[in-house]
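Below is start-v1.txt, which holds compact mmCIF, C-alpha atoms.
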# COMPACT_ATOMS: atom_id res chain seq x y z
CA MET A 24 -23.72 16.84 -13.78
CA TYR A 25 -20.03 17.50 -13.95
CA ALA A 26 -17.63 20.31 -13.14
CA VAL A 27 -14.16 21.40 -14.13
CA ILE A 28 -11.98 22.12 -11.10
CA ARG A 29 -8.48 23.43 -10.59
CA ALA A 30 -6.04 21.61 -8.30
CA GLY A 31 -2.25 21.62 -8.20
CA GLY A 32 -1.84 23.68 -11.39
CA LYS A 33 -3.99 21.27 -13.41
CA GLN A 34 -7.66 21.10 -14.35
CA TYR A 35 -9.85 18.04 -13.81
CA ARG A 36 -13.31 17.14 -15.11
CA VAL A 37 -15.16 15.54 -12.19
CA ALA A 38 -18.59 14.14 -11.40
CA PRO A 39 -20.04 13.11 -8.03
CA GLY A 40 -18.46 9.84 -6.91
CA ASP A 41 -15.26 10.18 -8.97
CA VAL A 42 -11.90 9.49 -7.32
CA ILE A 43 -9.09 11.67 -8.64
CA ARG A 44 -5.39 11.89 -7.85
CA VAL A 45 -4.28 15.48 -7.30
CA GLU A 46 -0.94 16.93 -6.28
CA LYS A 47 -0.28 16.37 -2.59
CA LEU A 48 -2.53 18.60 -0.49
CA GLY A 49 -1.55 20.27 2.78
CA THR A 50 -1.77 18.33 6.03
CA GLY A 51 -4.52 20.55 7.51
CA THR A 52 -7.33 19.20 5.31
CA ASP A 53 -9.19 17.19 8.01
CA GLY A 54 -10.63 14.90 5.35
CA GLN A 55 -12.77 17.57 3.58
CA VAL A 56 -11.44 19.55 0.61
CA GLU A 57 -13.13 22.30 -1.40
CA PHE A 58 -11.82 23.02 -4.90
CA PRO A 59 -12.03 26.24 -6.95
CA VAL A 60 -14.50 25.74 -9.81
CA VAL A 61 -13.61 26.74 -13.37
CA ALA A 62 -16.86 25.66 -15.08
CA VAL A 63 -20.05 23.73 -14.31
CA SER A 64 -22.35 21.75 -16.58
CA SER A 65 -25.79 20.58 -15.55
CA GLU A 66 -26.71 19.29 -19.01
CA GLU A 67 -24.59 17.63 -21.64
CA GLY A 68 -23.09 20.24 -23.96
CA GLN A 69 -23.84 23.29 -21.79
CA ILE A 70 -20.98 24.72 -19.77
CA ALA A 71 -21.19 27.89 -17.70
CA LYS A 72 -19.19 29.67 -15.03
CA GLN A 73 -21.22 30.29 -11.89
CA ASP A 74 -19.94 32.24 -8.93
CA ASP A 75 -21.90 30.24 -6.36
CA ALA A 76 -20.68 26.84 -7.63
CA ARG A 77 -18.67 24.67 -5.28
CA VAL A 78 -17.10 21.21 -5.40
CA VAL A 79 -16.44 19.31 -2.18
CA GLY A 80 -14.41 16.13 -1.82
CA GLU A 81 -13.09 13.87 0.90
CA VAL A 82 -9.54 12.59 1.17
CA VAL A 83 -9.39 8.86 0.50
CA GLY A 84 -5.65 8.30 0.77
CA GLU A 85 -2.16 9.53 0.03
CA GLY A 86 0.69 7.90 -1.81
CA ARG A 87 3.44 8.23 -4.35
CA GLY A 88 3.23 7.53 -8.05
CA ALA A 89 5.42 5.31 -10.21
CA LYS A 90 9.13 6.08 -10.43
CA VAL A 91 10.27 8.28 -13.29
CA LEU A 92 13.94 7.97 -14.23
CA VAL A 93 15.78 11.08 -15.43
CA PHE A 94 18.99 10.24 -17.31
CA HIS A 95 21.44 12.94 -18.38
CA TYR A 96 24.10 11.88 -20.88
CA LYS A 97 26.72 13.64 -22.95
CA ARG A 98 28.41 11.47 -25.51
CA LYS A 99 32.20 11.32 -25.77
CA LYS A 100 32.56 13.25 -22.48
CA GLN A 101 32.17 10.38 -19.93
CA TYR A 102 29.21 12.21 -18.37
CA LYS A 103 26.26 10.22 -17.10
CA LYS A 104 23.84 11.12 -14.34
CA LEU A 105 20.80 9.10 -13.26
CA ARG A 106 18.11 10.45 -10.96
CA GLY A 107 14.77 8.98 -9.92
CA HIS A 108 11.59 10.78 -8.87
CA ARG A 109 8.25 9.68 -7.41
CA GLN A 110 5.54 12.32 -7.35
CA ALA A 111 3.41 12.47 -4.20
CA PHE A 112 -0.38 12.52 -4.65
CA THR A 113 -3.58 12.72 -2.64
CA ALA A 114 -6.55 10.61 -3.72
CA VAL A 115 -9.80 12.58 -3.35
CA ARG A 116 -13.37 11.30 -3.79
CA ILE A 117 -15.79 13.97 -5.06
CA THR A 118 -18.78 13.94 -2.71
CA GLU A 119 -20.82 16.97 -3.80
CA ILE A 120 -21.20 19.44 -6.66
CA ALA A 121 -23.46 22.40 -5.86
CA SER A 122 -24.47 25.01 -8.41
CA GLY A 123 -27.42 27.36 -8.94
CA GLY A 124 -29.40 26.12 -5.96
CA GLN A 125 -29.02 22.48 -7.00
CA SER A 126 -26.84 19.99 -5.19
CA PHE A 127 -25.67 16.67 -6.63
CA LYS A 128 -24.23 14.25 -4.07
CA ALA A 129 -22.33 11.02 -4.59
CA PRO A 130 -23.96 7.84 -3.30
CA ASP A 131 -22.58 6.59 -0.01
CA LEU A 132 -20.00 3.86 -0.23
CA PRO A 133 -21.12 0.50 1.16
CA THR A 134 -19.47 -0.33 4.46
CA LYS A 135 -17.22 -3.35 4.43
CA GLU A 136 -18.15 -6.03 6.90
CA ALA A 137 -15.40 -8.07 8.46
CA LYS A 138 -15.54 -11.73 7.49
CA PRO A 139 -15.85 -14.13 10.41
CA LYS A 140 -12.73 -16.17 11.02
CA LYS A 141 -12.95 -19.86 10.27
CA VAL A 142 -12.72 -22.05 13.35
CA LYS A 143 -11.72 -25.63 12.74
CA ALA A 144 -13.25 -28.24 14.92
CA ALA A 145 -10.96 -30.60 16.83
CA ALA A 146 -12.39 -33.54 14.86
CA GLU A 147 -11.40 -31.98 11.57
CA ASP A 148 -7.86 -31.43 12.85
CA ALA A 149 -7.59 -35.07 13.90
CA ALA A 150 -8.86 -36.24 10.50
CA GLY A 151 -6.35 -34.00 8.76
CA ASP A 152 -3.49 -35.45 10.85
CA GLU A 153 -4.48 -39.00 9.88
CA LYS A 154 -4.46 -38.09 6.18
CA THR A 155 -0.96 -36.62 6.37
CA ALA A 156 0.29 -39.64 8.30
CA LYS A 157 -1.05 -42.00 5.58
CA ALA A 158 0.48 -39.88 2.81
CA SER A 159 3.92 -39.90 4.43
CA ALA A 160 3.72 -43.67 5.07
CA LYS A 161 3.47 -44.41 1.32
CA LYS A 162 6.61 -45.81 -0.23
CA LYS A 163 8.52 -43.30 -2.23
CA THR A 164 9.85 -44.50 -5.57
CA GLY A 165 12.95 -43.15 -7.22
CA PRO A 166 13.15 -41.72 -10.72
CA LYS A 167 12.52 -44.13 -13.59
CA LYS A 168 15.58 -45.42 -15.36
CA ALA A 169 15.96 -45.31 -19.13
CA ALA A 170 15.68 -48.58 -21.08
CA LYS A 171 18.94 -50.30 -21.91
CA LYS A 172 20.17 -49.97 -25.46
CA SER A 173 20.39 -53.20 -27.43
CA THR A 174 23.84 -54.17 -28.64
CA ALA A 175 22.64 -56.30 -31.56
CA LYS A 176 24.13 -55.28 -34.91
CA LYS A 177 21.86 -54.41 -37.79
CA LYS A 178 22.47 -55.97 -41.22
As structure tokens, the full file:
Amino acid sequence: MYAVIRAGGKQYRVAPGDVIRVEKLGTGTDGQVEFPVVAVSSEEGQIAKQDDARVVGEVVGEGRGAKVLVFHYKRKKQYKKLRGHRQAFTAVRITEIASGGQSFKAPDLPTKEAKPKKVKAAAEDAAGDEKTAKASAKKKTGPKKAAKKSTAKKK
């Protein structure tokens, strides 16, 4: 199932579990966002507008897009102006699409488990110190010199 939603003056085709970047949303979202629905499709090729349809998402993060440079130039007039712009966005994960008594939910994301920190034993540290001491004790050789040219004349 998918739906077409409206956000920030644009329309997006979304399915449960999709992550979309929309124009920056207000600060009072509390993590849950509901979008106005333009159309809903429960089967491939069939699209309908239903009044009871709703699309719910959760805010994943906020950020700013890549820089866009705007360069104004008028030839022969010594006029140049350079401006940069980075558009703010809110990343939203679609969690549920409900329509006509049916509800399609996105699967839960797996929780990330923290990896245990590696603890080196004192014996390993001592062995590592011995290896570095041996490596530094080796004689260092200078760069190789080029072979001398022979001065014998050719006939």
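Taking all atoms listed in the file into account, the polymer residues that have an atom no farther than 9 Å from (-19.4, 30.1, -11.9) are Val60, Val61, Ala62, Val63, Ala71, Lys72, Gln73, Asp74, Asp75, Ala76, Arg77, Ser122 and Gly123 of chain A.
Of the listed residues (A:Val79, A:Val42, A:Arg98, A:Phe58), A:Val79 comes nearest to Glu119 of chain A; the distances count all atoms listed in the file.
Comparing A:Ala121, A:Lys171, A:Val91, A:Ala30 by their smallest distance to Val78 of chain A, the closest is A:Ala121 (using all atoms listed in the file).
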Scan for residues within 8 Å of the point (2.6, 8.9, -9.3) in the coordinates of the file, using all atoms listed in the file, and reply as a VMD selection string. chain A and resid 86 to 90 109 to 112
Would you kindly return, as an mmCIF file with C-alpha atoms, in the coordinates of the input, each protein, DNA or RNA residue with an atom no farther than 10 Å from any atom of Tyr35 of chain A, considering only C-alpha atoms and excluding same-chain residues fewer than 6 positions away?
data_model
loop_
_atom_site.group_PDB
_atom_site.id
_atom_site.type_symbol
_atom_site.label_atom_id
_atom_site.label_comp_id
_atom_site.auth_asym_id
_atom_site.auth_seq_id
_atom_site.Cartn_x
_atom_site.Cartn_y
_atom_site.Cartn_z
ATOM 1 C CA ALA A 26 -17.630 20.310 -13.140
ATOM 2 C CA VAL A 27 -14.160 21.400 -14.130
ATOM 3 C CA ILE A 28 -11.980 22.120 -11.100
ATOM 4 C CA ARG A 29 -8.480 23.430 -10.590
ATOM 5 C CA ILE A 43 -9.090 11.670 -8.640
ATOM 6 C CA ARG A 44 -5.390 11.890 -7.850
ATOM 7 C CA VAL A 45 -4.280 15.480 -7.300
ATOM 8 C CA VAL A 60 -14.500 25.740 -9.810
ATOM 9 C CA VAL A 61 -13.610 26.740 -13.370
#
Return the single residue from A:Ala137, A:Glu81, A:Val37, A:His108 that is closest to Phe94 of chain A, with distances computed using all atoms listed in the file.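 The answer is A:His108, which sits nearest to Phe94 of chain A.
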Starting from 5 Å padding per side, set up an axis-aligned box that covers all listed atoms of segment 87-95 of chain A and hand over centre and edge lengths in Å, one decimal, as JSON.
{"center_x": 12.3, "center_y": 9.1, "center_z": -11.4, "size_x": 28.2, "size_y": 17.6, "size_z": 24.0}
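For the set A:Thr113, A:Gln55, A:Ser64, A:Thr134, the residue with the smallest atom-to-atom gap to Arg36 of chain A is A:Ser64, counting all atoms listed in the file.
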Env of Gly31 of chain A: 9 Å cut, atoms = all atoms listed in the file, seq-sep filter 6 positions within chain, self excluded. Answer as a VMD selection string. chain A and resid 45 to 48
For atom CA of Leu132 of chain A and atom CA of Pro59 of chain A, quote the distance in Å rounded to one decimal. 24.7 Å
If you measure from atom CA of Tyr25 of chain A to atom CA of Gln69 of chain A, what distance in Å do you get, rounded to one decimal? 10.5 Å
Near-Gly40 of chain A list (8 Å; all atoms listed in the file; drop same-chain fewer than 5 positions) as a PyMOL selection string: chain A and resi 116-118+128-130
One-decimal distance in Å that lies between atom CA of Val83 of chain A and atom CA of Glu136 of chain A: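 Going from atom CA of Glu136 of chain A over to atom CA of Val83 of chain A covers 18.4 Å.
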